[in-house]
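A quick write-up on the structure given underneath.
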Amino acid sequence: MHVVKTIESVRRSVAGARRKGGTVALVPTMGSLHAGHASLMAAAVRRYDYTVVSIFVNPTQFGPQEDMDDYPRPFESDCALCHELGVDLVFAPTAQQMYTQESSTWVQVVGLTDVLCGRSRPDHFRGVTTVCTKLFNIVAPDVAFFGQKDAQQALVIKRMVRDLNMPLAIEVCPTIREPDGLAISSRNQYLDPEQRREAARLYQTLQTCQIQIAQGRRSAAALIASMRDELQQIPRAKIDYVSIVDGETLIPVEEVRGRLLIALAVQIGPARLIDNILVDLGPS
Ligand code: PAF
């Protein structure tokens, strides 16, 4: 496995793989790799000839009050995991390498980014789509892998790729959970043991909602109210949003039918945690 820091070296390595006729997969990450990333990397390695993992804590997707400086950067153990999983190339650029001082171009998906996480993180998705465009242009992969845990991010990236005719496929892999249901995230390590116990209740809340839907409850407002009630029982939780939206457009629904995303964001102590489930009730 090679670890490279410059755009030229990643292009040279990928060109070498292409000359041998290989397919190329990209797993974009900000490092602090966990079982969720491992599942993306394992799928990429299994199905494509040459897997590139990018590790870059992208400054343009953090707001001024967010955790950019504290974001964990365990580079050695990240590389060890990539190596163990059979990744071919780690691309770990510096911020100067990715953004020159004169950078003045943004890639922005409108509409889909105004809702859910976009409300409290107004410039976040613009940073994500810009850095992913740059990574797609640098690596030129056949496919890029994302996790369903960041459901809105995955939809925004898919929309960007479709709208801008980018020549790659986007694969979205299922959320990986701890045994108690908590969606695995780099930010879980900010939680103390009590907060960590509380955090498991987010997924339980989503599951209760799913059960209520299975029992025939159809009013989105009533389901949201009951999820909010459940989350308000968690002593240290501050709800950012609880939403039931169309699974493609992210437009809020009044009545539960078709393919829906049930999504929430909750601050527990220092960690802003997000989670979601997809519910498919068949053709509406
Ligand atoms: O999901 C992430 O870790 C980041 O948003 C991504 C896609 C690597 C872009 O920086």
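Each chain in the structure tokens gets a letter, A, B, ..., in the order shown, and its residues are numbered from 1; ligands are numbered from 1 in order too.
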
Compute the set of protein, DNA and RNA residues whose minimum atom distance to ligand 1 is at most 8 Å, using only C-alpha atoms and all ligand atoms, and state it as a list in words.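 Counting only what the definition allows, namely only C-alpha atoms and all ligand atoms, the set is Val27, Pro28, Thr29, Met30, Gly31, Ser54, Ile55, Phe56, Val57, Asn58, Gln61, Gly127, Val128, Thr129, Val131, Cys132, Phe146, Gly147, Asp150 and Gln153 of chain A.
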
Going by DSSP on the backbone, which residues of region 95-192 of chain A come out as alpha helix (DSSP H)? List them as a VMD selection string. chain A and resid 95 to 98 117 to 120 124 to 139 151 to 163

What is the CA of Asp49 (chain A) to CA of Ile184 (chain A) distance in Å?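 So the answer is 27.2 Å.
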
Write out as an NGL selection string the set of residues from region 52-163 of chain A that DSSP, computed on the backbone, places in strand (DSSP E). :A and (52-55 or 89-91 or 143-147)

Take the residues just selected and output them with all heavy atoms as a short mmCIF file (atom, residue, chain, number, x, y, z; two decimals), in the first residue's frame.
data_model
loop_
_atom_site.label_atom_id
_atom_site.label_comp_id
_atom_site.auth_asym_id
_atom_site.auth_seq_id
_atom_site.Cartn_x
_atom_site.Cartn_y
_atom_site.Cartn_z
N VAL A 52 -8.63 3.50 -3.69
CA VAL A 52 -7.98 4.68 -3.12
C VAL A 52 -8.83 5.15 -1.94
O VAL A 52 -10.05 5.27 -2.06
CB VAL A 52 -7.92 5.84 -4.15
CG1 VAL A 52 -7.22 7.07 -3.56
CG2 VAL A 52 -7.23 5.38 -5.44
N VAL A 53 -8.19 5.39 -0.79
CA VAL A 53 -8.88 6.01 0.35
C VAL A 53 -8.29 7.40 0.54
O VAL A 53 -7.06 7.53 0.64
CB VAL A 53 -8.70 5.17 1.64
CG1 VAL A 53 -9.23 5.90 2.87
CG2 VAL A 53 -9.40 3.82 1.49
N SER A 54 -9.13 8.42 0.53
CA SER A 54 -8.60 9.76 0.82
C SER A 54 -8.84 10.06 2.30
O SER A 54 -9.90 9.72 2.85
CB SER A 54 -9.24 10.82 -0.07
OG SER A 54 -10.62 10.87 0.15
N ILE A 55 -7.84 10.63 2.93
CA ILE A 55 -7.95 11.04 4.33
C ILE A 55 -7.65 12.53 4.37
O ILE A 55 -6.51 12.96 4.16
CB ILE A 55 -6.94 10.27 5.22
CG1 ILE A 55 -7.25 8.76 5.18
CG2 ILE A 55 -6.97 10.80 6.65
CD1 ILE A 55 -6.37 7.91 6.09
N LEU A 89 -4.06 2.52 -2.14
CA LEU A 89 -3.43 3.83 -2.05
C LEU A 89 -4.18 4.71 -1.04
O LEU A 89 -5.41 4.79 -1.08
CB LEU A 89 -3.49 4.51 -3.42
CG LEU A 89 -2.79 5.85 -3.56
CD1 LEU A 89 -1.27 5.65 -3.68
CD2 LEU A 89 -3.29 6.61 -4.77
N VAL A 90 -3.42 5.33 -0.14
CA VAL A 90 -4.01 6.35 0.75
C VAL A 90 -3.56 7.70 0.24
O VAL A 90 -2.36 7.94 0.05
CB VAL A 90 -3.56 6.14 2.22
CG1 VAL A 90 -3.99 7.32 3.08
CG2 VAL A 90 -4.13 4.84 2.78
N PHE A 91 -4.52 8.58 -0.01
CA PHE A 91 -4.22 9.94 -0.45
C PHE A 91 -4.51 10.86 0.73
O PHE A 91 -5.66 10.99 1.14
CB PHE A 91 -5.09 10.29 -1.66
CG PHE A 91 -4.97 11.72 -2.12
CD1 PHE A 91 -3.72 12.34 -2.22
CD2 PHE A 91 -6.10 12.45 -2.47
CE1 PHE A 91 -3.61 13.66 -2.65
CE2 PHE A 91 -5.99 13.76 -2.91
CZ PHE A 91 -4.75 14.37 -2.99
N VAL A 143 -16.05 4.64 -9.33
CA VAL A 143 -17.09 4.58 -8.31
C VAL A 143 -16.56 5.23 -7.03
O VAL A 143 -15.37 5.18 -6.75
CB VAL A 143 -17.50 3.10 -8.06
CG1 VAL A 143 -16.33 2.27 -7.57
CG2 VAL A 143 -18.65 2.98 -7.09
N ALA A 144 -17.47 5.87 -6.28
CA ALA A 144 -17.09 6.37 -4.95
C ALA A 144 -18.10 5.84 -3.95
O ALA A 144 -19.29 5.71 -4.25
CB ALA A 144 -17.05 7.89 -4.93
N PHE A 145 -17.61 5.51 -2.74
CA PHE A 145 -18.43 4.89 -1.71
C PHE A 145 -18.78 5.88 -0.59
O PHE A 145 -17.90 6.60 -0.10
CB PHE A 145 -17.68 3.69 -1.09
CG PHE A 145 -17.70 2.47 -1.96
CD1 PHE A 145 -16.86 2.37 -3.05
CD2 PHE A 145 -18.58 1.43 -1.70
CE1 PHE A 145 -16.88 1.23 -3.87
CE2 PHE A 145 -18.61 0.29 -2.49
CZ PHE A 145 -17.76 0.20 -3.58
N PHE A 146 -20.04 5.86 -0.17
CA PHE A 146 -20.50 6.70 0.95
C PHE A 146 -21.38 5.84 1.86
O PHE A 146 -21.88 4.79 1.46
CB PHE A 146 -21.30 7.89 0.41
CG PHE A 146 -20.45 8.85 -0.36
CD1 PHE A 146 -20.21 8.66 -1.72
CD2 PHE A 146 -19.84 9.94 0.25
CE1 PHE A 146 -19.39 9.51 -2.44
CE2 PHE A 146 -19.02 10.80 -0.46
CZ PHE A 146 -18.79 10.59 -1.80
N GLY A 147 -21.58 6.33 3.11
CA GLY A 147 -22.38 5.58 4.07
C GLY A 147 -23.81 6.14 4.18
O GLY A 147 -24.02 7.35 4.10
#

My list of candidates is A:Gly269, A:Gly63, A:Gly258, A:Gly247. Which is closest to Ser120 (chain A) when distances are computed with only C-alpha atoms?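 Looking at the shortest contact to Ser120 (chain A), the residue is A:Gly63.
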
Excluding region 211-218 of chain A and any residue of its chain fewer than 3 positions from it, enumerate the residues within 8 Å of it, using only C-alpha atoms, and give them as a PDB file with C-alpha atoms, in the first residue's frame.
ATOM      1  CA  GLN A 207     -37.067   1.944  15.936  1.00  0.00           C
ATOM      2  CA  THR A 208     -40.119   2.878  18.021  1.00  0.00           C
ATOM      3  CA  LEU A 223     -45.015  10.260  14.778  1.00  0.00           C
ATOM      4  CA  GLU A 255     -48.725  11.218   5.644  1.00  0.00           C
ATOM      5  CA  VAL A 256     -46.468   8.200   5.799  1.00  0.00           C
ATOM      6  CA  ARG A 257     -46.398   6.381   2.454  1.00  0.00           C
TER       7      ARG A 257
END

Selection near Gly86 (chain A), 8 Å with only C-alpha atoms, sequence-local residues under 6 positions removed, as an mmCIF file with all heavy atoms, in the first residue's frame:
data_model
loop_
_atom_site.group_PDB
_atom_site.id
_atom_site.type_symbol
_atom_site.label_atom_id
_atom_site.label_comp_id
_atom_site.auth_asym_id
_atom_site.auth_seq_id
_atom_site.Cartn_x
_atom_site.Cartn_y
_atom_site.Cartn_z
ATOM 1 N N MET A 1 0.845 -1.210 0.000
ATOM 2 C CA MET A 1 0.000 0.000 0.000
ATOM 3 C C MET A 1 0.877 1.255 0.000
ATOM 4 O O MET A 1 1.856 1.321 0.727
ATOM 5 C CB MET A 1 -0.881 0.001 1.259
ATOM 6 C CG MET A 1 -1.867 1.148 1.287
ATOM 7 S SD MET A 1 -2.811 1.219 2.840
ATOM 8 C CE MET A 1 -1.715 2.137 3.905
ATOM 9 N N ALA A 42 -13.902 -2.316 2.607
ATOM 10 C CA ALA A 42 -13.940 -3.752 2.292
ATOM 11 C C ALA A 42 -14.771 -3.988 1.024
ATOM 12 O O ALA A 42 -14.383 -4.780 0.159
ATOM 13 C CB ALA A 42 -14.506 -4.535 3.471
ATOM 14 N N VAL A 45 -12.645 -2.840 -1.976
ATOM 15 C CA VAL A 45 -11.532 -3.763 -2.261
ATOM 16 C C VAL A 45 -12.064 -5.057 -2.901
ATOM 17 O O VAL A 45 -11.480 -5.592 -3.832
ATOM 18 C CB VAL A 45 -10.747 -4.063 -0.960
ATOM 19 C CG1 VAL A 45 -9.779 -5.226 -1.142
ATOM 20 C CG2 VAL A 45 -10.020 -2.815 -0.482
#

Please identify all polymer residues within 7 Å of region 109-119 of chain A, counting only C-alpha atoms, omitting same-chain residues fewer than 5 positions from it, and present them as a list in words. His124, Phe125, Val156, Met160, Tyr241, Thr249 and Leu250 of chain A

Export of the given selection (N, CA, C and O atoms) as an mmCIF file, in the first residue's frame:
data_model
loop_
_atom_site.group_PDB
_atom_site.id
_atom_site.type_symbol
_atom_site.label_atom_id
_atom_site.label_comp_id
_atom_site.auth_asym_id
_atom_site.auth_seq_id
_atom_site.Cartn_x
_atom_site.Cartn_y
_atom_site.Cartn_z
ATOM 1 N N HIS A 124 -22.157 23.732 5.217
ATOM 2 C CA HIS A 124 -21.544 22.404 5.310
ATOM 3 C C HIS A 124 -21.538 21.656 3.964
ATOM 4 O O HIS A 124 -20.499 21.196 3.494
ATOM 5 N N PHE A 125 -22.707 21.548 3.335
ATOM 6 C CA PHE A 125 -22.789 20.710 2.130
ATOM 7 C C PHE A 125 -22.036 21.330 0.961
ATOM 8 O O PHE A 125 -21.524 20.611 0.098
ATOM 9 N N VAL A 156 -27.154 14.244 -1.711
ATOM 10 C CA VAL A 156 -26.616 15.476 -2.297
ATOM 11 C C VAL A 156 -25.507 15.128 -3.309
ATOM 12 O O VAL A 156 -25.467 15.663 -4.412
ATOM 13 N N MET A 160 -25.496 15.808 -7.325
ATOM 14 C CA MET A 160 -24.422 16.563 -7.966
ATOM 15 C C MET A 160 -23.846 15.766 -9.148
ATOM 16 O O MET A 160 -23.664 16.316 -10.242
ATOM 17 N N TYR A 241 -33.111 18.414 15.017
ATOM 18 C CA TYR A 241 -34.326 18.176 14.233
ATOM 19 C C TYR A 241 -34.758 16.722 14.335
ATOM 20 O O TYR A 241 -33.950 15.835 14.624
ATOM 21 N N THR A 249 -36.411 13.369 -2.320
ATOM 22 C CA THR A 249 -36.410 14.839 -2.430
ATOM 23 C C THR A 249 -36.142 15.518 -1.092
ATOM 24 O O THR A 249 -35.874 16.713 -1.042
ATOM 25 N N LEU A 250 -36.266 14.784 -0.011
ATOM 26 C CA LEU A 250 -36.123 15.303 1.365
ATOM 27 C C LEU A 250 -37.207 16.324 1.722
ATOM 28 O O LEU A 250 -37.067 17.072 2.691
#

Report as a PyMOL selection string all protein, DNA and RNA residues lying within 12 Å of Ala15 (chain A), evaluated on only C-alpha atoms, omitting residues in the same chain fewer than 3 positions from it. chain A and resi 8-12+18-24+50+138-141

Limited to N, CA, C and O atoms, could you put the picked residues into a file as an mmCIF file, in the first residue's frame?
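result.cif written:
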data_model
loop_
_atom_site.group_PDB
_atom_site.id
_atom_site.type_symbol
_atom_site.label_atom_id
_atom_site.label_comp_id
_atom_site.auth_asym_id
_atom_site.auth_seq_id
_atom_site.Cartn_x
_atom_site.Cartn_y
_atom_site.Cartn_z
ATOM 1 N N GLU A 8 -0.168 15.109 -7.854
ATOM 2 C CA GLU A 8 0.575 14.443 -8.947
ATOM 3 C C GLU A 8 0.804 12.975 -8.633
ATOM 4 O O GLU A 8 0.627 12.132 -9.500
ATOM 5 N N SER A 9 1.195 12.664 -7.365
ATOM 6 C CA SER A 9 1.506 11.254 -7.106
ATOM 7 C C SER A 9 0.249 10.390 -7.120
ATOM 8 O O SER A 9 0.305 9.249 -7.576
ATOM 9 N N VAL A 10 -0.891 10.925 -6.656
ATOM 10 C CA VAL A 10 -2.099 10.088 -6.721
ATOM 11 C C VAL A 10 -2.474 9.872 -8.192
ATOM 12 O O VAL A 10 -2.830 8.758 -8.603
ATOM 13 N N ARG A 11 -2.336 10.899 -9.007
ATOM 14 C CA ARG A 11 -2.674 10.742 -10.438
ATOM 15 C C ARG A 11 -1.755 9.728 -11.108
ATOM 16 O O ARG A 11 -2.212 8.912 -11.911
ATOM 17 N N ARG A 12 -0.463 9.782 -10.749
ATOM 18 C CA ARG A 12 0.500 8.842 -11.345
ATOM 19 C C ARG A 12 0.135 7.410 -10.964
ATOM 20 O O ARG A 12 0.091 6.521 -11.813
ATOM 21 N N ARG A 18 -4.736 2.055 -14.120
ATOM 22 C CA ARG A 18 -5.558 2.111 -15.347
ATOM 23 C C ARG A 18 -4.860 1.434 -16.522
ATOM 24 O O ARG A 18 -5.496 0.755 -17.320
ATOM 25 N N ARG A 19 -3.537 1.654 -16.610
ATOM 26 C CA ARG A 19 -2.787 1.050 -17.722
ATOM 27 C C ARG A 19 -2.899 -0.469 -17.689
ATOM 28 O O ARG A 19 -2.902 -1.121 -18.721
ATOM 29 N N LYS A 20 -3.034 -1.013 -16.461
ATOM 30 C CA LYS A 20 -3.180 -2.482 -16.346
ATOM 31 C C LYS A 20 -4.629 -2.901 -16.572
ATOM 32 O O LYS A 20 -5.001 -4.051 -16.354
ATOM 33 N N GLY A 21 -5.483 -1.954 -16.901
ATOM 34 C CA GLY A 21 -6.884 -2.280 -17.212
ATOM 35 C C GLY A 21 -7.766 -2.359 -15.978
ATOM 36 O O GLY A 21 -8.890 -2.870 -16.033
ATOM 37 N N GLY A 22 -7.277 -1.868 -14.825
ATOM 38 C CA GLY A 22 -8.030 -2.019 -13.580
ATOM 39 C C GLY A 22 -9.139 -0.987 -13.396
ATOM 40 O O GLY A 22 -9.063 0.130 -13.909
ATOM 41 N N THR A 23 -10.173 -1.404 -12.648
ATOM 42 C CA THR A 23 -11.215 -0.459 -12.245
ATOM 43 C C THR A 23 -10.768 0.219 -10.943
ATOM 44 O O THR A 23 -10.039 -0.380 -10.145
ATOM 45 N N VAL A 24 -11.232 1.457 -10.752
ATOM 46 C CA VAL A 24 -10.737 2.247 -9.618
ATOM 47 C C VAL A 24 -11.901 2.694 -8.737
ATOM 48 O O VAL A 24 -12.897 3.239 -9.231
ATOM 49 N N TYR A 50 -8.635 -1.500 -7.870
ATOM 50 C CA TYR A 50 -7.682 -0.576 -7.233
ATOM 51 C C TYR A 50 -8.476 0.375 -6.346
ATOM 52 O O TYR A 50 -9.360 1.094 -6.822
ATOM 53 N N ILE A 138 -9.400 14.571 -9.092
ATOM 54 C CA ILE A 138 -8.004 14.164 -8.853
ATOM 55 C C ILE A 138 -7.837 12.659 -9.075
ATOM 56 O O ILE A 138 -6.928 12.214 -9.752
ATOM 57 N N VAL A 139 -8.752 11.879 -8.505
ATOM 58 C CA VAL A 139 -8.608 10.415 -8.544
ATOM 59 C C VAL A 139 -9.225 9.823 -9.821
ATOM 60 O O VAL A 139 -8.761 8.799 -10.315
ATOM 61 N N ALA A 140 -10.263 10.471 -10.334
ATOM 62 C CA ALA A 140 -11.004 9.962 -11.507
ATOM 63 C C ALA A 140 -11.425 8.502 -11.318
ATOM 64 O O ALA A 140 -11.078 7.631 -12.127
ATOM 65 N N PRO A 141 -12.168 8.216 -10.240
ATOM 66 C CA PRO A 141 -12.558 6.816 -9.987
ATOM 67 C C PRO A 141 -13.761 6.398 -10.844
ATOM 68 O O PRO A 141 -14.489 7.249 -11.366
#

Contact table region 116-137 of chain A vs region 167-182 of chain A, cut-off 12 Å, shortest pair per residue, only C-alpha atoms, as a tab-separated table:
residue	atom	partner	partner_atom	distance
A:Cys132	CA	A:Ile170	CA	11.5
A:Thr133	CA	A:Leu168	CA	11.1
A:Leu135	CA	A:Leu168	CA	11.9
A:Phe136	CA	A:Leu168	CA	8.3
A:Asn137	CA	A:Pro167	CA	9.9

Go ahead and save the residues from that selection, with all heavy atoms, as a tab-separated table (two decimals), in the first residue's frame.
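Result file selection35.tsv:
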chain	number	residue	atom	x	y	z
A	132	CYS	N	-15.57	16.93	-2.64
A	132	CYS	CA	-15.79	15.66	-3.36
A	132	CYS	C	-15.56	15.86	-4.87
A	132	CYS	O	-14.97	14.99	-5.52
A	132	CYS	CB	-17.18	15.09	-3.09
A	132	CYS	SG	-17.27	14.37	-1.43
A	133	THR	N	-15.98	17.00	-5.41
A	133	THR	CA	-15.70	17.27	-6.83
A	133	THR	C	-14.20	17.27	-7.07
A	133	THR	O	-13.70	16.68	-8.03
A	133	THR	CB	-16.30	18.65	-7.22
A	133	THR	OG1	-17.70	18.60	-7.01
A	133	THR	CG2	-16.01	18.97	-8.68
A	135	LEU	N	-11.88	15.77	-5.27
A	135	LEU	CA	-11.37	14.40	-5.13
A	135	LEU	C	-11.72	13.56	-6.36
A	135	LEU	O	-10.90	12.78	-6.85
A	135	LEU	CB	-11.91	13.75	-3.86
A	135	LEU	CG	-11.36	14.34	-2.55
A	135	LEU	CD1	-12.17	13.86	-1.36
A	135	LEU	CD2	-9.87	13.97	-2.36
A	136	PHE	N	-12.95	13.73	-6.88
A	136	PHE	CA	-13.35	12.97	-8.08
A	136	PHE	C	-12.46	13.39	-9.26
A	136	PHE	O	-12.06	12.56	-10.07
A	136	PHE	CB	-14.83	13.21	-8.43
A	136	PHE	CG	-15.81	12.72	-7.38
A	136	PHE	CD1	-17.17	13.10	-7.44
A	136	PHE	CD2	-15.43	11.89	-6.34
A	136	PHE	CE1	-18.08	12.66	-6.49
A	136	PHE	CE2	-16.35	11.44	-5.38
A	136	PHE	CZ	-17.67	11.84	-5.46
A	137	ASN	N	-12.15	14.67	-9.37
A	137	ASN	CA	-11.30	15.14	-10.48
A	137	ASN	C	-9.85	14.67	-10.32
A	137	ASN	O	-9.17	14.42	-11.30
A	137	ASN	CB	-11.32	16.67	-10.56
A	137	ASN	CG	-12.62	17.18	-11.16
A	137	ASN	OD1	-13.30	16.45	-11.88
A	137	ASN	ND2	-12.97	18.41	-10.86
